[in-house]
>>> print(open('input34.txt').read())   # compact mmCIF, C-alpha atoms
# COMPACT_ATOMS: atom_id res chain seq x y z
CA MET N 1 10.61 97.62 63.60
CA ASN N 2 10.42 100.20 66.39
CA VAL N 3 9.85 102.97 63.85
CA VAL N 4 6.91 101.00 62.46
CA LEU N 5 5.47 100.56 65.97
CA TYR N 6 5.92 104.28 66.63
CA LEU N 7 3.93 105.15 63.51
CA LEU N 8 1.29 102.55 64.40
CA VAL N 9 0.83 104.07 67.87
CA ALA N 10 0.50 107.57 66.40
CA LEU N 11 -1.99 106.38 63.78
CA THR N 12 -3.96 104.26 66.25
CA TRP N 13 -4.28 106.85 68.99
CA GLY N 14 -4.86 109.65 66.48
CA SER N 15 -7.67 107.70 64.82
CA SER N 16 -9.37 106.75 68.11
CA PHE N 17 -11.42 109.93 67.99
CA LEU N 18 -12.59 109.14 64.46
CA PHE N 19 -13.65 105.62 65.46
CA ALA N 20 -15.51 106.93 68.52
CA LYS N 21 -17.33 109.44 66.31
CA ILE N 22 -18.39 106.67 63.93
CA GLY N 23 -19.47 104.50 66.86
CA LEU N 24 -21.81 107.25 68.03
CA ASP N 25 -23.79 106.85 64.81
CA GLY N 26 -25.36 103.69 66.24
CA LEU N 27 -24.52 103.62 69.94
CA ALA N 28 -25.13 105.89 72.92
CA PRO N 29 -22.03 107.59 74.36
CA GLN N 30 -21.83 105.33 77.41
CA GLN N 31 -22.27 102.27 75.20
CA VAL N 32 -19.25 103.38 73.16
CA ALA N 33 -17.21 103.86 76.34
CA THR N 34 -18.21 100.47 77.73
CA VAL N 35 -17.68 98.49 74.53
CA ARG N 36 -14.24 99.99 73.82
CA THR N 37 -13.06 99.32 77.38
CA VAL N 38 -14.32 95.74 77.46
CA LEU N 39 -12.78 94.95 74.07
CA GLY N 40 -9.49 96.52 75.15
CA ALA N 41 -9.48 94.50 78.37
CA LEU N 42 -10.19 91.25 76.53
CA THR N 43 -7.37 91.98 74.10
CA LEU N 44 -4.83 92.67 76.85
CA VAL N 45 -5.97 89.64 78.85
CA ALA N 46 -5.21 87.56 75.75
CA VAL N 47 -1.76 89.19 75.54
CA LEU N 48 -1.21 88.51 79.26
CA LEU N 49 -2.07 84.83 78.84
CA LEU N 50 -0.07 84.37 75.65
CA THR N 51 3.04 85.93 77.19
CA ARG N 52 2.51 83.97 80.43
CA ARG N 53 2.53 87.01 82.65
CA ARG N 54 1.01 86.65 86.11
CA TRP N 55 -1.77 88.66 87.67
CA PRO N 56 -0.75 90.67 90.76
CA ARG N 57 -1.57 88.81 93.97
CA GLU N 58 -1.44 91.61 96.54
CA PRO N 59 -4.89 93.11 97.37
CA ARG N 60 -3.19 96.48 97.94
CA VAL N 61 -2.02 96.55 94.31
CA TRP N 62 -5.55 95.83 93.05
CA ALA N 63 -6.95 98.56 95.29
CA HIS N 64 -4.48 101.13 93.95
CA LEU N 65 -5.12 100.07 90.37
CA LEU N 66 -8.85 100.37 90.95
CA VAL N 67 -8.29 104.08 91.61
CA VAL N 68 -6.09 104.29 88.51
CA SER N 69 -8.73 102.54 86.39
CA VAL N 70 -11.31 105.16 87.37
CA PHE N 71 -9.12 108.11 86.35
CA LEU N 72 -7.28 106.59 83.37
CA ASN N 73 -10.03 104.50 81.83
CA ALA N 74 -13.63 104.51 83.07
CA VAL N 75 -14.28 108.23 83.55
CA PRO N 76 -12.21 109.70 80.67
CA SER N 77 -13.56 107.22 78.10
CA SER N 78 -17.08 108.21 79.17
CA LEU N 79 -16.30 111.92 78.95
CA MET N 80 -14.69 111.51 75.53
CA ALA N 81 -17.69 109.67 74.07
CA TRP N 82 -20.14 112.19 75.52
CA ALA N 83 -18.10 115.14 74.25
CA GLU N 84 -17.87 113.86 70.69
CA GLN N 85 -21.61 114.20 70.29
CA THR N 86 -20.99 117.92 69.69
CA VAL N 87 -17.21 118.27 69.27
CA PRO N 88 -15.54 117.32 65.96
CA SER N 89 -13.17 114.35 66.22
CA GLY N 90 -10.23 116.43 65.00
CA LEU N 91 -10.73 119.05 67.69
CA ALA N 92 -11.09 116.30 70.31
CA SER N 93 -7.70 114.88 69.27
CA ILE N 94 -6.13 118.33 69.69
CA TYR N 95 -7.55 118.63 73.21
CA ASN N 96 -6.06 115.22 74.01
CA ALA N 97 -2.63 116.80 73.51
CA THR N 98 -3.14 118.75 76.75
CA THR N 99 -2.62 115.50 78.72
CA PRO N 100 1.10 116.08 79.45
CA ILE N 101 0.31 119.57 80.78
CA MET N 102 -2.38 118.13 83.07
CA THR N 103 0.00 115.37 84.16
CA MET N 104 2.74 117.80 85.15
CA ALA N 105 0.28 119.88 87.16
CA ALA N 106 -1.11 116.79 88.91
CA LEU N 107 2.37 115.48 89.66
CA ALA N 108 3.24 118.74 91.37
CA VAL N 109 0.25 118.25 93.70
CA LEU N 110 0.32 114.49 94.30
CA VAL N 111 4.07 113.79 94.22
CA PRO N 112 5.97 116.16 96.56
CA SER N 113 9.31 115.46 94.86
CA GLU N 114 7.92 116.66 91.53
CA ARG N 115 7.88 120.38 92.29
CA LEU N 116 7.40 122.63 89.29
CA ARG N 117 10.31 124.76 88.15
CA GLY N 118 10.09 128.15 86.53
CA ARG N 119 10.27 126.81 82.96
CA GLN N 120 7.57 124.23 83.70
CA VAL N 121 5.24 126.87 85.14
CA VAL N 122 5.72 128.99 82.02
CA GLY N 123 5.02 125.94 79.86
CA ILE N 124 1.81 125.14 81.75
CA VAL N 125 0.64 128.75 81.49
CA LEU N 126 1.39 128.66 77.77
CA GLY N 127 -0.64 125.46 77.52
CA ILE N 128 -3.59 127.19 79.21
CA VAL N 129 -3.31 130.03 76.69
CA GLY N 130 -3.36 127.44 73.92
CA VAL N 131 -6.59 125.97 75.32
CA LEU N 132 -8.20 129.42 75.32
CA VAL N 133 -7.20 129.86 71.68
CA LEU N 134 -8.67 126.41 70.95
CA VAL N 135 -12.03 127.37 72.45
CA GLY N 136 -12.09 130.64 70.50
CA PRO N 137 -14.11 132.81 72.93
CA TRP N 138 -14.65 135.39 70.17
CA ASP N 139 -16.75 132.81 68.26
CA VAL N 140 -18.76 131.43 71.18
CA LEU N 141 -21.43 134.13 71.22
CA GLY N 142 -21.55 134.64 67.47
CA ASP N 143 -21.75 131.02 66.30
CA PRO N 144 -24.47 128.75 67.77
CA ALA N 145 -22.56 125.61 66.71
CA VAL N 146 -19.46 126.73 68.59
CA LEU N 147 -21.56 127.65 71.64
CA ALA N 148 -23.20 124.22 71.59
CA SER N 149 -19.79 122.53 71.58
CA VAL N 150 -18.47 124.36 74.67
CA PRO N 151 -19.82 121.80 77.21
CA GLY N 152 -18.19 119.05 75.16
CA GLN N 153 -14.90 120.94 75.08
CA VAL N 154 -15.06 121.34 78.85
CA ALA N 155 -15.69 117.57 79.11
CA LEU N 156 -12.56 116.94 77.04
CA LEU N 157 -10.55 119.06 79.45
CA GLY N 158 -12.08 116.96 82.23
CA MET N 159 -10.90 113.89 80.32
CA THR N 160 -7.30 115.06 80.14
CA ALA N 161 -7.44 116.23 83.78
CA CYS N 162 -8.46 112.67 84.71
CA TYR N 163 -5.52 111.35 82.71
CA GLY N 164 -3.23 113.72 84.58
CA VAL N 165 -4.49 112.65 88.01
CA GLY N 166 -4.45 108.97 87.04
CA LEU N 167 -0.91 109.08 85.71
CA ALA N 168 0.31 110.99 88.75
CA TYR N 169 -1.34 108.47 91.07
CA LEU N 170 0.15 105.65 89.04
CA ARG N 171 3.58 107.22 89.46
CA ARG N 172 3.10 107.65 93.20
CA VAL N 173 1.77 104.26 94.29
CA ALA N 174 0.94 101.74 91.60
CA VAL N 175 4.27 101.52 89.80
CA ALA N 176 5.85 100.44 93.11
CA SER N 177 3.95 97.16 92.78
CA GLY N 178 6.78 95.71 90.71
CA SER N 179 4.45 94.53 87.94
CA ASP N 180 5.41 95.22 84.33
CA PRO N 181 3.49 97.91 82.37
CA VAL N 182 1.48 95.43 80.29
CA THR N 183 0.23 93.67 83.42
CA ILE N 184 -0.66 96.99 85.04
CA ALA N 185 -2.56 98.11 81.93
CA THR N 186 -4.42 94.78 81.79
CA VAL N 187 -5.53 95.07 85.40
CA GLN N 188 -6.57 98.70 84.83
CA LEU N 189 -8.75 97.88 81.85
CA THR N 190 -10.20 94.77 83.50
CA LEU N 191 -11.24 96.76 86.58
CA ALA N 192 -12.56 99.62 84.43
CA SER N 193 -14.60 97.14 82.40
CA GLY N 194 -16.13 95.78 85.60
CA LEU N 195 -17.05 99.27 86.77
CA LEU N 196 -18.59 100.26 83.43
CA LEU N 197 -20.51 97.00 83.11
CA LEU N 198 -21.80 97.49 86.67
CA VAL N 199 -23.41 100.83 85.81
CA ALA N 200 -24.28 99.94 82.20
CA PRO N 201 -27.90 98.88 82.94
CA VAL N 202 -28.52 102.38 84.32
CA ILE N 203 -26.54 104.76 82.11
CA ALA N 204 -25.59 102.77 78.98
CA THR N 205 -29.14 102.56 77.72
CA GLY N 206 -30.64 103.49 74.39
CA PRO N 207 -31.33 101.89 71.01
CA VAL N 208 -28.49 100.10 69.23
CA GLN N 209 -28.15 100.31 65.46
CA LEU N 210 -25.20 98.40 64.04
CA ASP N 211 -23.73 98.19 60.56
CA TRP N 212 -20.32 97.16 59.29
CA ARG N 213 -18.88 100.65 59.75
CA ILE N 214 -19.89 100.87 63.39
CA VAL N 215 -18.80 97.31 64.21
CA GLY N 216 -15.45 97.83 62.47
CA ALA N 217 -14.91 101.17 64.22
CA MET N 218 -15.63 99.70 67.67
CA LEU N 219 -13.35 96.72 67.07
CA ALA N 220 -10.55 99.04 65.99
CA LEU N 221 -11.18 101.44 68.89
CA GLY N 222 -11.41 98.68 71.48
CA CYS N 223 -9.04 95.91 70.43
CA ILE N 224 -6.36 98.11 68.87
CA GLY N 225 -6.74 101.66 70.21
CA THR N 226 -7.62 100.67 73.78
CA GLY N 227 -5.80 97.33 73.85
CA LEU N 228 -2.85 96.57 71.60
CA ALA N 229 -1.60 100.16 71.49
CA TYR N 230 -0.77 99.85 75.19
CA ALA N 231 1.52 96.89 74.44
CA TRP N 232 3.09 98.68 71.45
CA ASN N 233 3.78 101.80 73.46
CA THR N 234 5.28 99.73 76.28
CA ARG N 235 7.72 98.15 73.86
CA LEU N 236 8.70 101.60 72.55
CA VAL N 237 9.33 102.86 76.08
CA GLN N 238 11.53 99.84 76.76
CA ALA N 239 13.42 100.23 73.48
CA TRP N 240 13.73 104.02 73.18
CA GLY N 241 13.12 105.33 76.67
CA ALA N 242 10.17 107.33 77.93
CA GLY N 243 11.34 110.67 76.56
CA ARG N 244 11.62 109.62 72.94
CA ALA N 245 8.54 107.40 73.05
CA SER N 246 6.40 110.19 74.51
CA THR N 247 6.94 112.32 71.40
CA VAL N 248 4.10 110.34 69.81
CA THR N 249 1.89 112.89 71.63
CA TYR N 250 2.98 115.45 69.03
CA LEU N 251 1.74 113.34 66.10
CA THR N 252 -1.65 112.11 67.31
CA PRO N 253 -3.42 115.51 66.90
CA VAL N 254 -2.16 115.72 63.33
CA VAL N 255 -3.57 112.28 62.56
CA GLY N 256 -6.85 113.12 64.28
CA VAL N 257 -7.38 116.39 62.43
CA VAL N 258 -6.45 114.98 59.01
CA LEU N 259 -8.75 111.96 59.42
CA GLY N 260 -11.59 114.16 60.64
CA VAL N 261 -11.31 116.34 57.54
CA LEU N 262 -10.78 113.56 54.98
CA VAL N 263 -13.19 110.92 56.33
CA LEU N 264 -15.90 112.95 58.08
CA GLY N 265 -15.59 116.21 56.17
CA GLU N 266 -15.12 118.20 59.37
CA HIS N 267 -14.43 121.92 59.18
CA VAL N 268 -11.33 123.18 60.98
CA ARG N 269 -11.43 126.74 62.33
CA TRP N 270 -8.14 128.64 62.03
CA ASN N 271 -7.74 128.89 65.80
CA GLU N 272 -7.83 125.12 66.36
CA PRO N 273 -4.46 124.22 64.78
CA VAL N 274 -3.00 127.48 66.12
CA GLY N 275 -4.20 126.66 69.64
CA GLY N 276 -2.91 123.11 69.25
CA LEU N 277 0.53 124.39 68.28
CA VAL N 278 0.58 126.72 71.31
CA VAL N 279 -0.33 123.76 73.56
CA LEU N 280 2.45 121.64 72.05
CA LEU N 281 4.89 124.51 72.49
CA GLY N 282 3.90 124.67 76.14
CA ILE N 283 4.44 120.91 76.49
CA ALA N 284 7.85 121.18 74.84
CA LEU N 285 8.85 123.97 77.18
CA ALA N 286 7.48 122.33 80.34
CA SER N 287 9.00 118.92 79.56
CA GLY N 288 12.41 120.37 78.73
CA VAL N 289 12.46 119.65 75.00
CA ILE N 290 13.02 123.39 74.59
CA GLY N 291 15.60 125.10 76.75
CA ARG N 292 17.21 122.08 78.36
CA ARG N 293 20.95 122.33 78.63
CA ARG N 294 22.02 119.27 80.57
CA ALA N 295 22.00 115.93 78.77
CA ALA N 296 21.34 114.11 82.03
CA ALA N 297 17.90 115.69 82.15
CA ALA N 298 17.08 114.88 78.56
CA ALA N 299 13.98 112.72 79.14
CA PRO N 300 10.58 113.97 80.31
CA ASP N 301 8.98 112.38 83.34
CA PRO N 302 8.76 108.60 82.76
CA VAL N 303 5.03 108.63 83.33
CA LEU N 304 4.60 110.78 80.21
CA GLY N 305 5.91 107.89 78.11
CA THR N 306 2.65 106.12 78.75
CA VAL N 307 0.37 109.06 78.11
CA ARG N 308 -3.03 107.94 76.93
CA HIS N 309 -4.14 108.90 73.49
CA GLY N 310 -7.78 109.01 73.55
>>> encode(input="input34.txt", output="structure tokens")
Amino acid sequence: MNVVLYLLVALTWGSSFLFAKIGLDGLAPQQVATVRTVLGALTLVAVLLLTRRRWPREPRVWAHLLVVSVFLNAVPSSLMAWAEQTVPSGLASIYNATTPIMTMAALAVLVPSERLRGRQVVGIVLGIVGVLVLVGPWDVLGDPAVLASVPGQVALLGMTACYGVGLAYLRRVAVASGSDPVTIATVQLTLASGLLLLVAPVIATGPVQLDWRIVGAMLALGCIGTGLAYAWNTRLVQAWGAGRASTVTYLTPVVGVVLGVLVLGEHVRWNEPVGGLVVLLGIALASGVIGRRRAAAAAPDPVLGTVRHG
């Protein structure tokens, strides 16, 4: 059963970029971000009620999770939707794989006990090199389409940087609340939904054109990719541990690229998979998958087990 859930998480998070791309056919970027977050929140609220979990009662916990909701949900979902106007969904899924690198860097700044070691620094530097290969500076000036996608690629890096800061903050203050991961995720998405709905009349404007493809894509992106996948990943972390569960990060770019090519007919430049592999190599080195000798240190940071997918 856990193997099935693992594959479902990889497929769901890997396909989130495809669903967002389809949603943009009839919705403005901020509308996609708002709808997916609201649907995800409603789904997790239903899970919370069905499993009879309780909402946190301490105002301090809600205040901390408000900060987390900004960096893990509201801002990155907006950046992702905006970026995919010009960036292929497959390339967006590859950029999402930089999240663990961003998380390690943010942890080193926000959590004093999480100082970077030599191997981690090398891994982060390798990840940066991988991002440069992804961008393909040699093509930027010669290909107008590549040049037009650069702002979107920068936005995707902003997205994963937000994930890194949000996860580091979650590790530092919010996890101490004592609430279980599903409850924390439900509060996050509920608060993020409130924030996005608050600004929706100003920035989520534009004509809406819906058909069955767009409606289906948004339901899948919101209810499953932004909602249920949280619960599935939580169960994997509980059953397998954070280290093993976090390896789903290695599969989601593969799913994203394959779906982009097969469903949307996207073209993949040679440097995109190469850059993605370099990023994953950096993650493996920084997290200790490569070069770790002591079994006691076998798992990456627990916060990486809940890395967001897109």
>>> atom_distance(input="input34.txt", atom1="CA of Asn271 (chain N)", atom2="CA of Ala92 (chain N)")
13.8 Å
>>> closest_residue(input="input34.txt", among="N:Val215, N:Ser193, N:Gly265, N:Gly14", to="Leu66 (chain N)", atoms="only C-alpha atoms")
N:Ser193
>>> closest_residue(input="input34.txt", among="N:Gly164, N:Val268, N:Gly256, N:Ile128", to="Val146 (chain N)", atoms="all atoms listed in the file")
N:Val268
>>> residues_around(input="input34.txt", residues="Trp82 (chain N)", least_positions_apart="3", cutoff="9 Å", atoms="all atoms listed in the file", output="PyMOL selection string")
chain N and resi 28-30+33+77-79+85-86+152+155
>>> atom_distance(input="input34.txt", atom1="CA of Cys162 (chain N)", atom2="CA of Ser69 (chain N)")
10.3 Å
>>> closest_residue(input="input34.txt", among="N:Phe71, N:Phe17, N:Trp240, N:Trp232", to="Leu189 (chain N)", atoms="all atoms listed in the file")
N:Phe71
>>> residues_near_point(input="input34.txt", point="(-1.8, 119.4, 86.6)", cutoff="12 Å", atoms="only C-alpha atoms", output="VMD selection string")
chain N and resid 98 to 111 114 to 116 120 to 121 123 to 125 127 to 128 157 to 158 160 to 169 283 286
>>> closest_residue(input="input34.txt", among="N:Val9, N:Leu195, N:Glu84, N:Ser89", to="Leu264 (chain N)", atoms="only C-alpha atoms")
N:Ser89
>>> atom_distance(input="input34.txt", atom1="CA of Ser149 (chain N)", atom2="CA of Leu91 (chain N)")
10.5 Å
>>> closest_residue(input="input34.txt", among="N:Leu18, N:Arg119, N:Ala204, N:Trp13", to="Gly282 (chain N)", atoms="only C-alpha atoms")
N:Arg119
>>> closest_residue(input="input34.txt", among="N:Gly90, N:Gly26, N:Gly222, N:Pro181", to="Leu262 (chain N)", atoms="all atoms listed in the file")
N:Gly90
>>> residues_around(input="input34.txt", residues="Leu5 (chain N)", least_positions_apart="6", cutoff="10 Å", atoms="all atoms listed in the file", output="PDB file with C-alpha atoms, in the frame of the given file")
ATOM      1  CA  LEU N  11      -1.990 106.380  63.780  1.00  0.00           C
ATOM      2  CA  ALA N 229      -1.600 100.160  71.490  1.00  0.00           C
ATOM      3  CA  TRP N 232       3.090  98.680  71.450  1.00  0.00           C
ATOM      4  CA  ASN N 233       3.780 101.800  73.460  1.00  0.00           C
ATOM      5  CA  ARG N 235       7.720  98.150  73.860  1.00  0.00           C
ATOM      6  CA  LEU N 236       8.700 101.600  72.550  1.00  0.00           C
TER       7      LEU N 236
END
>>> residues_around(input="input34.txt", residues="His267 (chain N)", least_positions_apart="6", cutoff="9 Å", atoms="only C-alpha atoms", output="list in words")
Pro88, Gly260 and Val261 of chain N
>>> write_last_selection(input="input34.txt", atoms="C-alpha atoms", output="PDB file, in the frame of the given file")
ATOM      1  CA  PRO N  88     -15.540 117.320  65.960  1.00  0.00           C
ATOM      2  CA  GLY N 260     -11.590 114.160  60.640  1.00  0.00           C
ATOM      3  CA  VAL N 261     -11.310 116.340  57.540  1.00  0.00           C
TER       4      VAL N 261
END
>>> residues_around(input="input34.txt", residues="Ile214 (chain N)", least_positions_apart="4", cutoff="12 Å", atoms="only C-alpha atoms", output="list of chain:residue names")
N:Leu18, N:Phe19, N:Ala20, N:Lys21, N:Ile22, N:Gly23, N:Leu24, N:Asp25, N:Gly26, N:Leu27, N:Ala28, N:Val32, N:Val35, N:Arg36, N:Val208, N:Gln209, N:Leu210, N:Met218, N:Leu219, N:Ala220, N:Leu221, N:Gly222
>>> build_atoms(input="input34.txt", residues="region 59-77 of chain N", atoms="N, CA and C atoms", output="PDB file, in the frame of the given file")
ATOM      1  N   PRO N  59      -3.649  92.315  97.394  1.00  0.00           N
ATOM      2  CA  PRO N  59      -4.890  93.110  97.370  1.00  0.00           C
ATOM      3  C   PRO N  59      -4.616  94.609  97.305  1.00  0.00           C
ATOM      4  N   ARG N  60      -3.527  95.052  97.946  1.00  0.00           N
ATOM      5  CA  ARG N  60      -3.190  96.480  97.940  1.00  0.00           C
ATOM      6  C   ARG N  60      -2.954  96.978  96.521  1.00  0.00           C
ATOM      7  N   VAL N  61      -2.293  96.169  95.694  1.00  0.00           N
ATOM      8  CA  VAL N  61      -2.020  96.550  94.310  1.00  0.00           C
ATOM      9  C   VAL N  61      -3.332  96.699  93.540  1.00  0.00           C
ATOM     10  N   TRP N  62      -4.256  95.759  93.736  1.00  0.00           N
ATOM     11  CA  TRP N  62      -5.550  95.830  93.050  1.00  0.00           C
ATOM     12  C   TRP N  62      -6.335  97.056  93.504  1.00  0.00           C
ATOM     13  N   ALA N  63      -6.233  97.387  94.779  1.00  0.00           N
ATOM     14  CA  ALA N  63      -6.950  98.560  95.290  1.00  0.00           C
ATOM     15  C   ALA N  63      -6.407  99.839  94.659  1.00  0.00           C
ATOM     16  N   HIS N  64      -5.078  99.951  94.581  1.00  0.00           N
ATOM     17  CA  HIS N  64      -4.480 101.130  93.950  1.00  0.00           C
ATOM     18  C   HIS N  64      -4.855 101.207  92.473  1.00  0.00           C
ATOM     19  N   LEU N  65      -4.813 100.062  91.794  1.00  0.00           N
ATOM     20  CA  LEU N  65      -5.120 100.070  90.370  1.00  0.00           C
ATOM     21  C   LEU N  65      -6.604 100.296  90.108  1.00  0.00           C
ATOM     22  N   LEU N  66      -7.441 100.026  91.086  1.00  0.00           N
ATOM     23  CA  LEU N  66      -8.850 100.370  90.950  1.00  0.00           C
ATOM     24  C   LEU N  66      -9.014 101.886  90.850  1.00  0.00           C
ATOM     25  N   VAL N  67      -8.268 102.614  91.681  1.00  0.00           N
ATOM     26  CA  VAL N  67      -8.290 104.080  91.610  1.00  0.00           C
ATOM     27  C   VAL N  67      -7.772 104.541  90.247  1.00  0.00           C
ATOM     28  N   VAL N  68      -6.673 103.936  89.805  1.00  0.00           N
ATOM     29  CA  VAL N  68      -6.090 104.290  88.510  1.00  0.00           C
ATOM     30  C   VAL N  68      -7.084 104.016  87.387  1.00  0.00           C
ATOM     31  N   SER N  69      -7.792 102.892  87.467  1.00  0.00           N
ATOM     32  CA  SER N  69      -8.730 102.540  86.390  1.00  0.00           C
ATOM     33  C   SER N  69      -9.867 103.545  86.269  1.00  0.00           C
ATOM     34  N   VAL N  70     -10.255 104.147  87.398  1.00  0.00           N
ATOM     35  CA  VAL N  70     -11.310 105.160  87.370  1.00  0.00           C
ATOM     36  C   VAL N  70     -10.833 106.390  86.611  1.00  0.00           C
ATOM     37  N   PHE N  71      -9.613 106.855  86.919  1.00  0.00           N
ATOM     38  CA  PHE N  71      -9.120 108.110  86.350  1.00  0.00           C
ATOM     39  C   PHE N  71      -8.471 107.943  84.974  1.00  0.00           C
ATOM     40  N   LEU N  72      -7.933 106.773  84.674  1.00  0.00           N
ATOM     41  CA  LEU N  72      -7.280 106.590  83.370  1.00  0.00           C
ATOM     42  C   LEU N  72      -8.167 105.922  82.336  1.00  0.00           C
ATOM     43  N   ASN N  73      -9.235 105.269  82.784  1.00  0.00           N
ATOM     44  CA  ASN N  73     -10.030 104.500  81.830  1.00  0.00           C
ATOM     45  C   ASN N  73     -11.524 104.792  81.905  1.00  0.00           C
ATOM     46  N   ALA N  74     -12.161 104.459  83.007  1.00  0.00           N
ATOM     47  CA  ALA N  74     -13.630 104.510  83.070  1.00  0.00           C
ATOM     48  C   ALA N  74     -14.190 105.903  82.858  1.00  0.00           C
ATOM     49  N   VAL N  75     -13.726 106.874  83.641  1.00  0.00           N
ATOM     50  CA  VAL N  75     -14.280 108.230  83.550  1.00  0.00           C
ATOM     51  C   VAL N  75     -13.867 108.941  82.259  1.00  0.00           C
ATOM     52  N   PRO N  76     -12.568 108.963  81.889  1.00  0.00           N
ATOM     53  CA  PRO N  76     -12.210 109.700  80.670  1.00  0.00           C
ATOM     54  C   PRO N  76     -12.814 109.126  79.396  1.00  0.00           C
ATOM     55  N   SER N  77     -12.938 107.793  79.305  1.00  0.00           N
ATOM     56  CA  SER N  77     -13.560 107.220  78.100  1.00  0.00           C
ATOM     57  C   SER N  77     -15.021 107.630  78.004  1.00  0.00           C
TER      58      SER N  77
END
